[in-house]
Amino acid sequence: MYSIDGYGEMIADDARTAAYVRALRDAVKPGCVVLDIGTGTGFFAILACKLGARRVYAIESSDVIDVAKQIAADNRCAGAIEFIHRMSTGVSLPEPVDVIVSDLHGILPLFQGHLPSIIDARERFLKPGGTMIPARETLWVACVAAPDLHRYVTKPWTENDYGLDMRAARELQANQWRRARVEAGQMLTAPLCWAAIDYATVDSANFSARVALSATRAGTAHGFCLWFDAELGPGVQLSNSPAMPELLYASAFFPWPEAVALEPGATVTLDLNAQLISGEYLWTWETQVAHADAGHAPARFRQSD
């Protein structure tokens, strides 16, 4: 649930908002019907109306929908937009739609009920050949050198002046991924695709895959970073990659309990699993580091939030 501040931050993120606006301009044709899931303050719904949509169904489960109604009225769009104060999975519409637009995910598209909501809406509401915004997303992973982020995980539990052994808490904190920003220069392995989501065909909210990352240079790795590349529409891209300018989404940092020195050619085998349980994702990540030099002992971590 976002605050008004949060909705404002999303609109103010020019890279995000401009990309969605371009995708909507390409998709919304005069006389079409649009579904905006998680409309928030109504930005996409009102824009669709201005672009010529005959009807816009704007669904929002929080009370911010009252603000959206006022903004729609202020922009002379209230008559073309039907605001629905419910979860989309509990809604019935009187007609199929030509376009479904949403930005329900946070740092990652695997977020709470995002995928079940989109799958349900596509199956029940979208016309054959209709448009989904976003169209598809790819999740990428790379090992990173992130000493400052890792220090936040470990320092309170390993460095104190009072002679206390606090390492048990460190194990718990290392099992939580966190929002973070890393730069491209912090990557110690080439990125690999972990998962691909095609919103026209995806039928499960759960993802699991093994990737084998190869160290491209020497450095100390503290965990791995996960981010998305989104195709909102033909030629319209959005990414929170470390190699791109920072978005409000940032990216996800998954720490290891211990830092690991990597030499070029070292292989990091990562089993990463995300399973949706009662509306929240359970993440597990198992890591094995095999050094190119057989004289170095392998590192192994098994973690879960």
# chains A, B, ... in the order shown; residues from 1 in each chain; ligands from 1

call {"tool": "residues_around", "arguments": {"residues": "Met244 (chain A)", "least_positions_apart": "3", "cutoff": "12 Å", "atoms": "only C-alpha atoms", "output": "NGL selection string"}}
result
:A and (15 or 181-185 or 227-229 or 237-241 or 247 or 249-251)

call {"tool": "write_last_selection", "arguments": {"atoms": "N, CA and C atoms", "output": "mmCIF file, in the first residue's frame"}}
result
data_model
loop_
_atom_site.group_PDB
_atom_site.id
_atom_site.type_symbol
_atom_site.label_atom_id
_atom_site.label_comp_id
_atom_site.auth_asym_id
_atom_site.auth_seq_id
_atom_site.Cartn_x
_atom_site.Cartn_y
_atom_site.Cartn_z
ATOM 1 N N ALA A 15 11.872 8.641 -16.014
ATOM 2 C CA ALA A 15 12.160 7.501 -16.894
ATOM 3 C C ALA A 15 11.012 6.504 -16.866
ATOM 4 N N ARG A 181 20.985 -0.059 -4.354
ATOM 5 C CA ARG A 181 21.483 0.414 -5.637
ATOM 6 C C ARG A 181 22.943 0.040 -5.751
ATOM 7 N N VAL A 182 23.279 -0.723 -6.773
ATOM 8 C CA VAL A 182 24.672 -1.028 -7.070
ATOM 9 C C VAL A 182 24.985 -0.492 -8.465
ATOM 10 N N GLU A 183 26.246 -0.255 -8.730
ATOM 11 C CA GLU A 183 26.684 0.261 -10.018
ATOM 12 C C GLU A 183 27.232 -0.881 -10.871
ATOM 13 N N ALA A 184 27.291 -0.629 -12.177
ATOM 14 C CA ALA A 184 27.775 -1.662 -13.092
ATOM 15 C C ALA A 184 29.189 -2.098 -12.744
ATOM 16 N N GLY A 185 30.011 -1.166 -12.244
ATOM 17 C CA GLY A 185 31.378 -1.494 -11.890
ATOM 18 C C GLY A 185 31.517 -2.423 -10.706
ATOM 19 N N TRP A 227 17.605 -7.857 -10.906
ATOM 20 C CA TRP A 227 16.895 -6.694 -11.437
ATOM 21 C C TRP A 227 16.062 -7.113 -12.643
ATOM 22 N N PHE A 228 15.251 -6.169 -13.142
ATOM 23 C CA PHE A 228 14.382 -6.479 -14.276
ATOM 24 C C PHE A 228 14.652 -5.548 -15.451
ATOM 25 N N ASP A 229 14.473 -6.099 -16.649
ATOM 26 C CA ASP A 229 14.327 -5.337 -17.882
ATOM 27 C C ASP A 229 12.897 -5.539 -18.340
ATOM 28 N N GLN A 237 11.282 0.437 -23.545
ATOM 29 C CA GLN A 237 11.987 -0.345 -22.536
ATOM 30 C C GLN A 237 12.054 0.404 -21.211
ATOM 31 N N LEU A 238 12.172 -0.363 -20.145
ATOM 32 C CA LEU A 238 12.356 0.189 -18.798
ATOM 33 C C LEU A 238 13.201 -0.815 -18.022
ATOM 34 N N SER A 239 14.213 -0.335 -17.302
ATOM 35 C CA SER A 239 15.114 -1.255 -16.615
ATOM 36 C C SER A 239 15.642 -0.631 -15.331
ATOM 37 N N ASN A 240 15.777 -1.462 -14.294
ATOM 38 C CA ASN A 240 16.474 -1.029 -13.080
ATOM 39 C C ASN A 240 17.845 -1.696 -12.978
ATOM 40 N N SER A 241 18.451 -1.984 -14.126
ATOM 41 C CA SER A 241 19.776 -2.590 -14.188
ATOM 42 C C SER A 241 20.825 -1.677 -13.561
ATOM 43 N N LEU A 247 16.447 4.157 -11.184
ATOM 44 C CA LEU A 247 15.001 4.350 -11.107
ATOM 45 C C LEU A 247 14.572 4.313 -9.650
ATOM 46 N N TYR A 249 12.713 2.220 -8.448
ATOM 47 C CA TYR A 249 12.649 0.824 -8.040
ATOM 48 C C TYR A 249 13.953 0.351 -7.386
ATOM 49 N N ALA A 250 15.105 0.962 -7.725
ATOM 50 C CA ALA A 250 16.410 0.424 -7.323
ATOM 51 C C ALA A 250 16.490 -1.028 -7.801
ATOM 52 N N SER A 251 17.163 -1.915 -7.055
ATOM 53 C CA SER A 251 17.221 -3.334 -7.405
ATOM 54 C C SER A 251 17.295 -4.131 -6.115
#

call {"tool": "residues_around", "arguments": {"residues": "region 93-103 of chain A", "least_positions_apart": "4", "cutoff": "6 Å", "atoms": "only C-alpha atoms", "output": "PyMOL selection string"}}
result
chain A and resi 33-37+125-127+130-133

call {"tool": "write_last_selection", "arguments": {"atoms": "N, CA and C atoms", "output": "PDB file, in the first residue's frame"}}
result
ATOM      1  N   VAL A  33     -11.320   0.264 -25.167  1.00  0.00           N
ATOM      2  CA  VAL A  33     -11.643   0.094 -23.743  1.00  0.00           C
ATOM      3  C   VAL A  33     -10.366  -0.309 -23.014  1.00  0.00           C
ATOM      4  N   VAL A  34     -10.093   0.361 -21.898  1.00  0.00           N
ATOM      5  CA  VAL A  34      -8.851   0.169 -21.158  1.00  0.00           C
ATOM      6  C   VAL A  34      -9.159  -0.242 -19.727  1.00  0.00           C
ATOM      7  N   LEU A  35      -8.362  -1.170 -19.214  1.00  0.00           N
ATOM      8  CA  LEU A  35      -8.422  -1.566 -17.804  1.00  0.00           C
ATOM      9  C   LEU A  35      -7.114  -1.154 -17.138  1.00  0.00           C
ATOM     10  N   ASP A  36      -7.207  -0.353 -16.084  1.00  0.00           N
ATOM     11  CA  ASP A  36      -6.045   0.082 -15.308  1.00  0.00           C
ATOM     12  C   ASP A  36      -6.136  -0.587 -13.938  1.00  0.00           C
ATOM     13  N   ILE A  37      -5.238  -1.553 -13.699  1.00  0.00           N
ATOM     14  CA  ILE A  37      -5.261  -2.296 -12.435  1.00  0.00           C
ATOM     15  C   ILE A  37      -4.277  -1.659 -11.461  1.00  0.00           C
ATOM     16  N   PHE A 125     -10.707 -10.735 -18.877  1.00  0.00           N
ATOM     17  CA  PHE A 125     -11.116  -9.432 -19.403  1.00  0.00           C
ATOM     18  C   PHE A 125     -10.539  -9.068 -20.772  1.00  0.00           C
ATOM     19  N   LEU A 126      -9.366  -9.574 -21.127  1.00  0.00           N
ATOM     20  CA  LEU A 126      -8.683  -9.081 -22.321  1.00  0.00           C
ATOM     21  C   LEU A 126      -9.236  -9.722 -23.588  1.00  0.00           C
ATOM     22  N   LYS A 127      -9.507  -8.867 -24.591  1.00  0.00           N
ATOM     23  CA  LYS A 127      -9.934  -9.377 -25.897  1.00  0.00           C
ATOM     24  C   LYS A 127      -8.819 -10.189 -26.547  1.00  0.00           C
ATOM     25  N   GLY A 130      -5.506  -8.559 -27.601  1.00  0.00           N
ATOM     26  CA  GLY A 130      -5.403  -7.313 -26.851  1.00  0.00           C
ATOM     27  C   GLY A 130      -3.984  -7.060 -26.361  1.00  0.00           C
ATOM     28  N   THR A 131      -3.778  -5.874 -25.802  1.00  0.00           N
ATOM     29  CA  THR A 131      -2.440  -5.420 -25.421  1.00  0.00           C
ATOM     30  C   THR A 131      -2.269  -5.443 -23.911  1.00  0.00           C
ATOM     31  N   MET A 132      -1.141  -6.005 -23.476  1.00  0.00           N
ATOM     32  CA  MET A 132      -0.744  -5.978 -22.072  1.00  0.00           C
ATOM     33  C   MET A 132       0.403  -4.991 -21.918  1.00  0.00           C
ATOM     34  N   ILE A 133       0.307  -4.090 -20.929  1.00  0.00           N
ATOM     35  CA  ILE A 133       1.390  -3.163 -20.584  1.00  0.00           C
ATOM     36  C   ILE A 133       1.707  -3.355 -19.103  1.00  0.00           C
TER      37      ILE A 133
END

call {"tool": "closest_residue", "arguments": {"among": "A:Ala142, A:Leu108, A:Ala212, A:Leu276", "to": "Ile197 (chain A)", "atoms": "only C-alpha atoms"}}
result
A:Leu108

call {"tool": "atom_distance", "arguments": {"atom1": "CA of Ala27 (chain A)", "atom2": "CA of Asp120 (chain A)"}}
result
20.5 Å

call {"tool": "residues_around", "arguments": {"residues": "Ser204 (chain A)", "least_positions_apart": "6", "cutoff": "12 Å", "atoms": "only C-alpha atoms", "output": "list in words"}}
result
Leu110, Gly113, His114, Leu115, Pro116, Ser117, Ile118, Ile119, Asp120, Ala196, Ile197, Asp198, Ala274, Gln275 and Leu276 of chain A

call {"tool": "closest_residue", "arguments": {"among": "A:Ser61, A:Ser208, A:Ser3, A:Ser214", "to": "Leu139 (chain A)", "atoms": "only C-alpha atoms"}}
result
A:Ser208

call {"tool": "select_by_dssp", "arguments": {"residues": "region 41-264 of chain A", "states": "strand (DSSP E or B)", "output": "PyMOL selection string"}}
result
chain A and resi 55-59+81-84+97-102+126-133+136-144+178-180+187+189+192-198+207-215+219-233+236-239+251-262

call {"tool": "closest_residue", "arguments": {"among": "A:Phe44, A:Ala135, A:Ala266, A:Gln288", "to": "Pro234 (chain A)", "atoms": "only C-alpha atoms"}}
result
A:Ala135

call {"tool": "select_by_dssp", "arguments": {"residues": "region 108-140 of chain A", "states": "helix (DSSP H, G or I)", "output": "VMD selection string"}}
result
chain A and resid 114 to 125

call {"tool": "atom_distance", "arguments": {"atom1": "CA of Thr284 (chain A)", "atom2": "CA of Phe111 (chain A)"}}
result
14.8 Å

call {"tool": "atom_distance", "arguments": {"atom1": "CA of Ala180 (chain A)", "atom2": "CA of Phe43 (chain A)"}}
result
26.8 Å

call {"tool": "residues_around", "arguments": {"residues": "Arg210 (chain A)", "least_positions_apart": "6", "cutoff": "8 Å", "atoms": "only C-alpha atoms", "output": "short mmCIF file (atom, residue, chain, number, x, y, z; two decimals) with N, CA and C atoms, in the first residue's frame"}}
result
data_model
loop_
_atom_site.label_atom_id
_atom_site.label_comp_id
_atom_site.auth_asym_id
_atom_site.auth_seq_id
_atom_site.Cartn_x
_atom_site.Cartn_y
_atom_site.Cartn_z
N TRP A 194 17.74 -15.08 -15.24
CA TRP A 194 17.22 -16.06 -14.29
C TRP A 194 15.78 -16.46 -14.62
N THR A 269 27.52 -21.16 -8.74
CA THR A 269 26.27 -21.84 -9.10
C THR A 269 25.19 -21.41 -8.12
N LEU A 270 24.14 -20.85 -8.65
CA LEU A 270 23.08 -20.28 -7.82
C LEU A 270 21.75 -20.95 -8.14
N ASP A 271 21.13 -21.54 -7.12
CA ASP A 271 19.76 -22.04 -7.21
C ASP A 271 18.86 -21.04 -6.52
N LEU A 272 18.08 -20.32 -7.30
CA LEU A 272 17.22 -19.26 -6.78
C LEU A 272 15.77 -19.61 -7.01
#

call {"tool": "closest_residue", "arguments": {"among": "A:Phe207, A:Tyr162, A:Tyr152, A:Phe253", "to": "Arg178 (chain A)", "atoms": "only C-alpha atoms"}}
result
A:Phe253
